[in-house]
Amino acid sequence: MASKLLGAHVKRKEDPRLIMGVSQYVADIALPGMQHAVFVRSPHPHARIRGIDISAALRRPGVIAVVTGRDLVPHCAPLPIATVSAEGGGEGKAEVGRQHYPLSVDRVRHVGEAVAAVIGSSVEAAADGAAEVQVDWEPLPAVVDTAAAMAEGAPLLFDDAPGNIEHRQAIKTGDPDAAFARAHRVVKQRMISQRLSGVPLEPRAVVAAPDPASGGLVVWATNQAPHVLRTGLAEALRMDQNQIRVIAPEVGGGFGVKFGTYPEDVVVAALARLRRVPLRWIETRVEHMTATTHGRAHVTDMEAAVDADGRITALRMQVVADVGAYPIFTFIPDLTLMMGVGVYRVQHVDLRNTCVFTNTTPVAAYRGAGRPEAAYYLERLVDCVAAELGKPPEEIRRKNFIPPDAFPYAAPTGQHYDSGQYDGALTRALQVARYDALRAEQRERLERSDPRLLGIGMACYVEMCGFGPFESALVRVEPSGTVTAFTGTSPHGQGHETTFAQIIADQLGVDFDRVVVRHGDTATTPMGFGTGGSRSLAVGGSAMLRAAGKVQEHARRIAASILEAAFEDVVLTDGRYQVKGVPSRSLTLAKIAERAYGEGLAPGLDPALEATEYFRPPQLVYPFGAHVAVVEVDRETGRVALRDFVAVDDCGTRISPLLVDGQVHGGIAQGVAQAVLEEVVYDRDGQLVTGSLMDYALPRADDLPSFVTD
């Protein structure tokens with residue numbers, strides 16, 4: 001069947017409701033008798049809780065209750081529920097000594113950690129009450145950066161983590177020591193991938209209410225993986241999973257920070273259950289900066305062993321990763337090692353990381369989660385090699401690329417790259433950017449001492465995507481011939497409703513506008529693992545394709561019985577199920593559905609048109625690309641202005657080119673922001689300096705040019 005919608009430019013299904021403001025976010029949920037929670041948080045990076053006086057808070061008008069950590073201990077398991085093992089990556093149970101309760105009981109380890117919850121008849125009343133809660137603090141010495149945390153005699157965050165080391169990981173293959181010993185040059189560079197905040201448009205939010213049907217809870221949450229949150233809540237609250245229904249309505253961005261089970265999620269759910277009332281909490285922006293997980297936070301030393309012609313024979317990488325106060329997704333620095341050779345054919349590697357606890361907000365997933373860090377370190381190191389040898393940066397890259405005939409390629413880091421044309425991507429990017437003309441302009445500016453210097457940067461990448469373990473889809477043709485589909489992925493701006501509808505429309509011959517895609521509700525969608533790690537289309541879309549294929553096959557069987565033809569002779573062409581070569585003998589999907597759900601279905605054919613599919617990817621996928629940035633730098637002020645940006649990416653089949661461009665644009669915006677604007681900063685005492693958007697420098701529209709994608 002020829003595809004008409006795969007790769008077509010179609011308008012996003014999601015946009016009309018978003019533009020008109022009729023979508024429902026968690027903050028729009030209003031339930032009868034709903035009460036509001038506000039959290040009391042630590043002003044100290046490290047302190048013991050000697051006591052909490054709630055009497056003044058209880059006297060405030062509108063304050064209904066004040067709950068401390070000790071009040072919740074009988075009703076909650078400690079967090080985090082799961083993390084990596086103590087030595088060497090991989091998912092496992094958290095070390096017992098490194099857990100804490102969702103409202104901390106005796107000790108806090110970062111500014112913003114919650115110690116009490118105030119419940120009010122309004123959020124304003126609850127906030128007034130929270131201001132009256134008196135905590136008797138015993139401040140403790142704090143460590144704010146990884147060097148201080150690993151220093152001899154540094155205060156320990158956890159007794160079972162000597163040196164404040166959470167875990168170490170290493171990948172060593174080939175004979176890197178010998179390669180470095182015989183190298184023409186050894187090029188070294190220290191690089192910092194600074195700490196960042198996710199700052200989605202919508203902050204975190206949760207509403208929980210008793211569910212009379214199950215005797216459990218319904219939880220609305222702005223979350224990237226509702227089924228994963230359900231599992232976390234069930235474990236934390238010691239409930240059965242079928243007692244908890246999690247709904248992720250419209251989610252206004254995530255970038256990785258809306259994964260997992262946060263303390264606030266557990267507290268709100270526990271209190272709604274205990275008090276048998278609906279309860280809501282909406283994060284403030286200051287709370288987001290202090291209590292929502294951060295990203296990146298690496299200090300990395302790189303070394304390259306280089307031949308005289310610029311060939312890199314060996315690499316060393318030492319990543320020191322700040323994981324903050326608690327272990328959450330501490331496998332992310334391991335992903336950096338896994339992508340430690342990037343697009344380059346280097347067989348001798350010694351790649352290591354050390355993950356370190358500090359008295360700061362925990363560090364977890366943030367856009368790309370470990371892989372952009374690796375790309376940055378490698379590409380900067382290649383530029384350093386080029387500068388050291390006096391050669392053009394594109395020449396060094398081309399000498400070291402994995403060639404197309406080497407694929408599928410077994411990288412020394414254990415990755416199995418499926419395909420790649422890295423030189424082709426770079427060549428195309430340089431062509432689109434008019435690279436030769438840029439270099440000529442650069443030389444001309446230098447010759448006339450132009451007050452604005454021209455900088456030309458390039459970077460190549462390969463990324464591991466399509467994480468499992470599986471994803472789900474359910475496709476149902478309704479009796480009218482319309483189609484409803486359910487996906488276990490859970491979008492927060494990516495446009496799944498559009499792309500999945502394109503797949504279904506092509507597979508079933510139904511009009512694009514007559515397909516409804518639903519998601520984000522554990523009561524109606526099959527088990528899934530949400531959206532993150534660039535997995536939704538590769539894994540979730542594959543599940544949708546397979547489910548739609550099963551429905552199409554059944555529709556062809558029913559059509560064959562109606563048309564009195566052999567099943568093998570019925571094909572889907574131009575939206576109609578017809579006898580091959582006889583267009584006059586054809587049926588629409590609506591006619592087939594009428595028979596499937598009505599009388600007269602041939603013996604041996606199952607009624608209805610519905611299929612559920614789970615797709616388990618056989619391996620990861622490895623999209624790649626090359627980007628070129630052109631900047632102007634003011635000689636006197638040092639101000640950097642991004643003038644042009646060209647991105648050439650190979651992501652495989654583009655279901656919706658419009659959405660591909662949108663994802664690329666968003667990724668570039670966040671990458672540019674890290675390069676020149678954003679950083680979460682703590683002072684030496686562990687206080688957050690960048691605690692609001694007055695201090696944390698997000699890019700604005702006028703900081704960015706129009707991007708060119710290809």
# chains A, B, ... in the order shown; residues from 1 in each chain; ligands from 1
$ select_by_dssp --residues "range 277-495 of chain A" --states "strand (DSSP E or B)" --output "ChimeraX atom specification"
/A:279-282,294-306,312-324,344,348-357,363,401,409-410,416-417,452-462,465,471-477,483-487
$ residues_around --residues "range 187-196 of chain A" --least-positions-apart "3" --cutoff "7 Å" --atoms "only C-alpha atoms" --output "PDB file with N, CA and C atoms, in the first residue's frame"
ATOM      1  N   HIS A 294      17.426  18.447  38.952  1.00  0.00           N
ATOM      2  CA  HIS A 294      18.247  19.184  37.999  1.00  0.00           C
ATOM      3  C   HIS A 294      18.880  18.212  37.000  1.00  0.00           C
ATOM      4  N   GLY A 295      19.634  18.775  36.062  1.00  0.00           N
ATOM      5  CA  GLY A 295      20.295  17.960  35.051  1.00  0.00           C
ATOM      6  C   GLY A 295      21.757  18.305  34.888  1.00  0.00           C
ATOM      7  N   ARG A 296      22.462  17.423  34.136  1.00  0.00           N
ATOM      8  CA  ARG A 296      23.879  17.578  33.791  1.00  0.00           C
ATOM      9  C   ARG A 296      24.775  17.523  35.057  1.00  0.00           C
ATOM     10  N   ALA A 297      25.501  18.606  35.372  1.00  0.00           N
ATOM     11  CA  ALA A 297      26.348  18.707  36.573  1.00  0.00           C
ATOM     12  C   ALA A 297      27.538  17.746  36.522  1.00  0.00           C
ATOM     13  N   HIS A 298      28.314  17.846  35.441  1.00  0.00           N
ATOM     14  CA  HIS A 298      29.523  17.036  35.290  1.00  0.00           C
ATOM     15  C   HIS A 298      30.766  17.932  35.253  1.00  0.00           C
ATOM     16  N   VAL A 299      31.869  17.427  35.786  1.00  0.00           N
ATOM     17  CA  VAL A 299      33.200  17.956  35.502  1.00  0.00           C
ATOM     18  C   VAL A 299      33.975  16.801  34.882  1.00  0.00           C
ATOM     19  N   THR A 300      34.485  17.001  33.670  1.00  0.00           N
ATOM     20  CA  THR A 300      35.037  15.881  32.899  1.00  0.00           C
ATOM     21  C   THR A 300      36.416  16.215  32.363  1.00  0.00           C
ATOM     22  N   ASP A 301      37.339  15.290  32.571  1.00  0.00           N
ATOM     23  CA  ASP A 301      38.679  15.386  31.993  1.00  0.00           C
ATOM     24  C   ASP A 301      38.785  14.416  30.832  1.00  0.00           C
ATOM     25  N   MET A 302      39.170  14.951  29.667  1.00  0.00           N
ATOM     26  CA  MET A 302      39.301  14.144  28.452  1.00  0.00           C
ATOM     27  C   MET A 302      40.751  14.156  27.977  1.00  0.00           C
ATOM     28  N   GLU A 303      41.190  13.030  27.434  1.00  0.00           N
ATOM     29  CA  GLU A 303      42.505  12.930  26.815  1.00  0.00           C
ATOM     30  C   GLU A 303      42.379  12.146  25.520  1.00  0.00           C
ATOM     31  N   ALA A 304      43.103  12.594  24.514  1.00  0.00           N
ATOM     32  CA  ALA A 304      43.159  11.883  23.243  1.00  0.00           C
ATOM     33  C   ALA A 304      44.609  11.586  22.894  1.00  0.00           C
ATOM     34  N   ALA A 305      44.888  10.337  22.543  1.00  0.00           N
ATOM     35  CA  ALA A 305      46.180   9.967  21.976  1.00  0.00           C
ATOM     36  C   ALA A 305      46.080  10.132  20.470  1.00  0.00           C
ATOM     37  N   GLU A 373      25.984  15.176  26.880  1.00  0.00           N
ATOM     38  CA  GLU A 373      27.241  15.427  27.575  1.00  0.00           C
ATOM     39  C   GLU A 373      28.399  14.763  26.830  1.00  0.00           C
ATOM     40  N   TYR A 377      31.719  16.582  25.082  1.00  0.00           N
ATOM     41  CA  TYR A 377      33.106  16.301  25.451  1.00  0.00           C
ATOM     42  C   TYR A 377      33.921  15.873  24.229  1.00  0.00           C
ATOM     43  N   LEU A 381      36.848  18.052  22.342  1.00  0.00           N
ATOM     44  CA  LEU A 381      38.183  17.453  22.313  1.00  0.00           C
ATOM     45  C   LEU A 381      38.721  17.388  20.886  1.00  0.00           C
ATOM     46  N   VAL A 385      42.167  18.902  19.396  1.00  0.00           N
ATOM     47  CA  VAL A 385      43.147  18.166  18.594  1.00  0.00           C
ATOM     48  C   VAL A 385      43.478  18.949  17.328  1.00  0.00           C
ATOM     49  N   GLU A 678      22.304  29.392  30.482  1.00  0.00           N
ATOM     50  CA  GLU A 678      21.739  28.760  31.674  1.00  0.00           C
ATOM     51  C   GLU A 678      22.801  28.154  32.591  1.00  0.00           C
ATOM     52  N   GLU A 679      22.563  28.279  33.901  1.00  0.00           N
ATOM     53  CA  GLU A 679      23.327  27.542  34.903  1.00  0.00           C
ATOM     54  C   GLU A 679      22.641  27.684  36.253  1.00  0.00           C
ATOM     55  N   VAL A 680      22.448  26.543  36.910  1.00  0.00           N
ATOM     56  CA  VAL A 680      22.011  26.554  38.302  1.00  0.00           C
ATOM     57  C   VAL A 680      23.248  26.770  39.165  1.00  0.00           C
TER      58      VAL A 680
END
$ closest_atom_pairs --of "range 208-263 of chain A" --to "range 324-344 of chain A" --cutoff "12 Å" --atoms "only C-alpha atoms" --output "tab-separated table"
residue	atom	partner	partner_atom	distance
A:Gly256	CA	A:Phe329	CA	10.5
A:Val257	CA	A:Phe329	CA	10.7
A:Phe259	CA	A:Phe329	CA	9.7
A:Gly260	CA	A:Ile328	CA	8.5
A:Thr261	CA	A:Ile328	CA	9.5
A:Tyr262	CA	A:Ile328	CA	9.8
A:Pro263	CA	A:Tyr326	CA	11.7
$ write_last_selection --atoms "C-alpha atoms" --output "PDB file, in the first residue's frame"
ATOM      1  CA  GLY A 256      12.901  14.552  31.760  1.00  0.00           C
ATOM      2  CA  VAL A 257      12.138  16.273  35.074  1.00  0.00           C
ATOM      3  CA  PHE A 259       9.654  11.289  35.408  1.00  0.00           C
ATOM      4  CA  GLY A 260       9.490   9.113  38.464  1.00  0.00           C
ATOM      5  CA  THR A 261       7.790   9.474  41.839  1.00  0.00           C
ATOM      6  CA  TYR A 262       8.484  12.695  43.710  1.00  0.00           C
ATOM      7  CA  PRO A 263       7.998  13.098  47.477  1.00  0.00           C
TER       8      PRO A 263
END
$ residues_around --residues "range 643-655 of chain A" --least-positions-apart "3" --cutoff "7 Å" --atoms "only C-alpha atoms" --output "list in words"
Leu6, Gly7, Ala425, Ala429, Ala433, Thr499, Pro623, Phe624, Gly625, Ala626, His627, Val628, Ala629, Val630, Val631, Glu632, Val660, Pro705, Phe707, Val708, Thr709 and Asp710 of chain A
$ residues_around --residues "Leu508 in chain A" --least-positions-apart "5" --cutoff "12 Å" --atoms "only C-alpha atoms" --output "ChimeraX atom specification"
/A:1,3-5,475-477,481-484,501-503,514-515,544-556,571-577,588-590,592-593,609-610
$ select_by_dssp --residues "range 390-555 of chain A" --states "alpha helix (DSSP H)" --output "PyMOL selection string"
chain A and resi 393-400+422-433+435-447+496-508+542-555
$ residues_around --residues "Pro139 in chain A" --least-positions-apart "3" --cutoff "9 Å" --atoms "only C-alpha atoms" --output "list of chain:residue names"
A:His44, A:Pro45, A:His46, A:Ala47, A:Arg48, A:Ile49, A:Ala142
$ closest_residue --among "A:Val123, A:Val462, A:Ala411, A:Ile247" --to "Thr522 in chain A" --atoms "only C-alpha atoms"
A:Ile247
$ closest_residue --among "A:Asp145, A:Asp307, A:Asp569, A:Glu471" --to "Tyr614 in chain A" --atoms "only C-alpha atoms"
A:Glu471
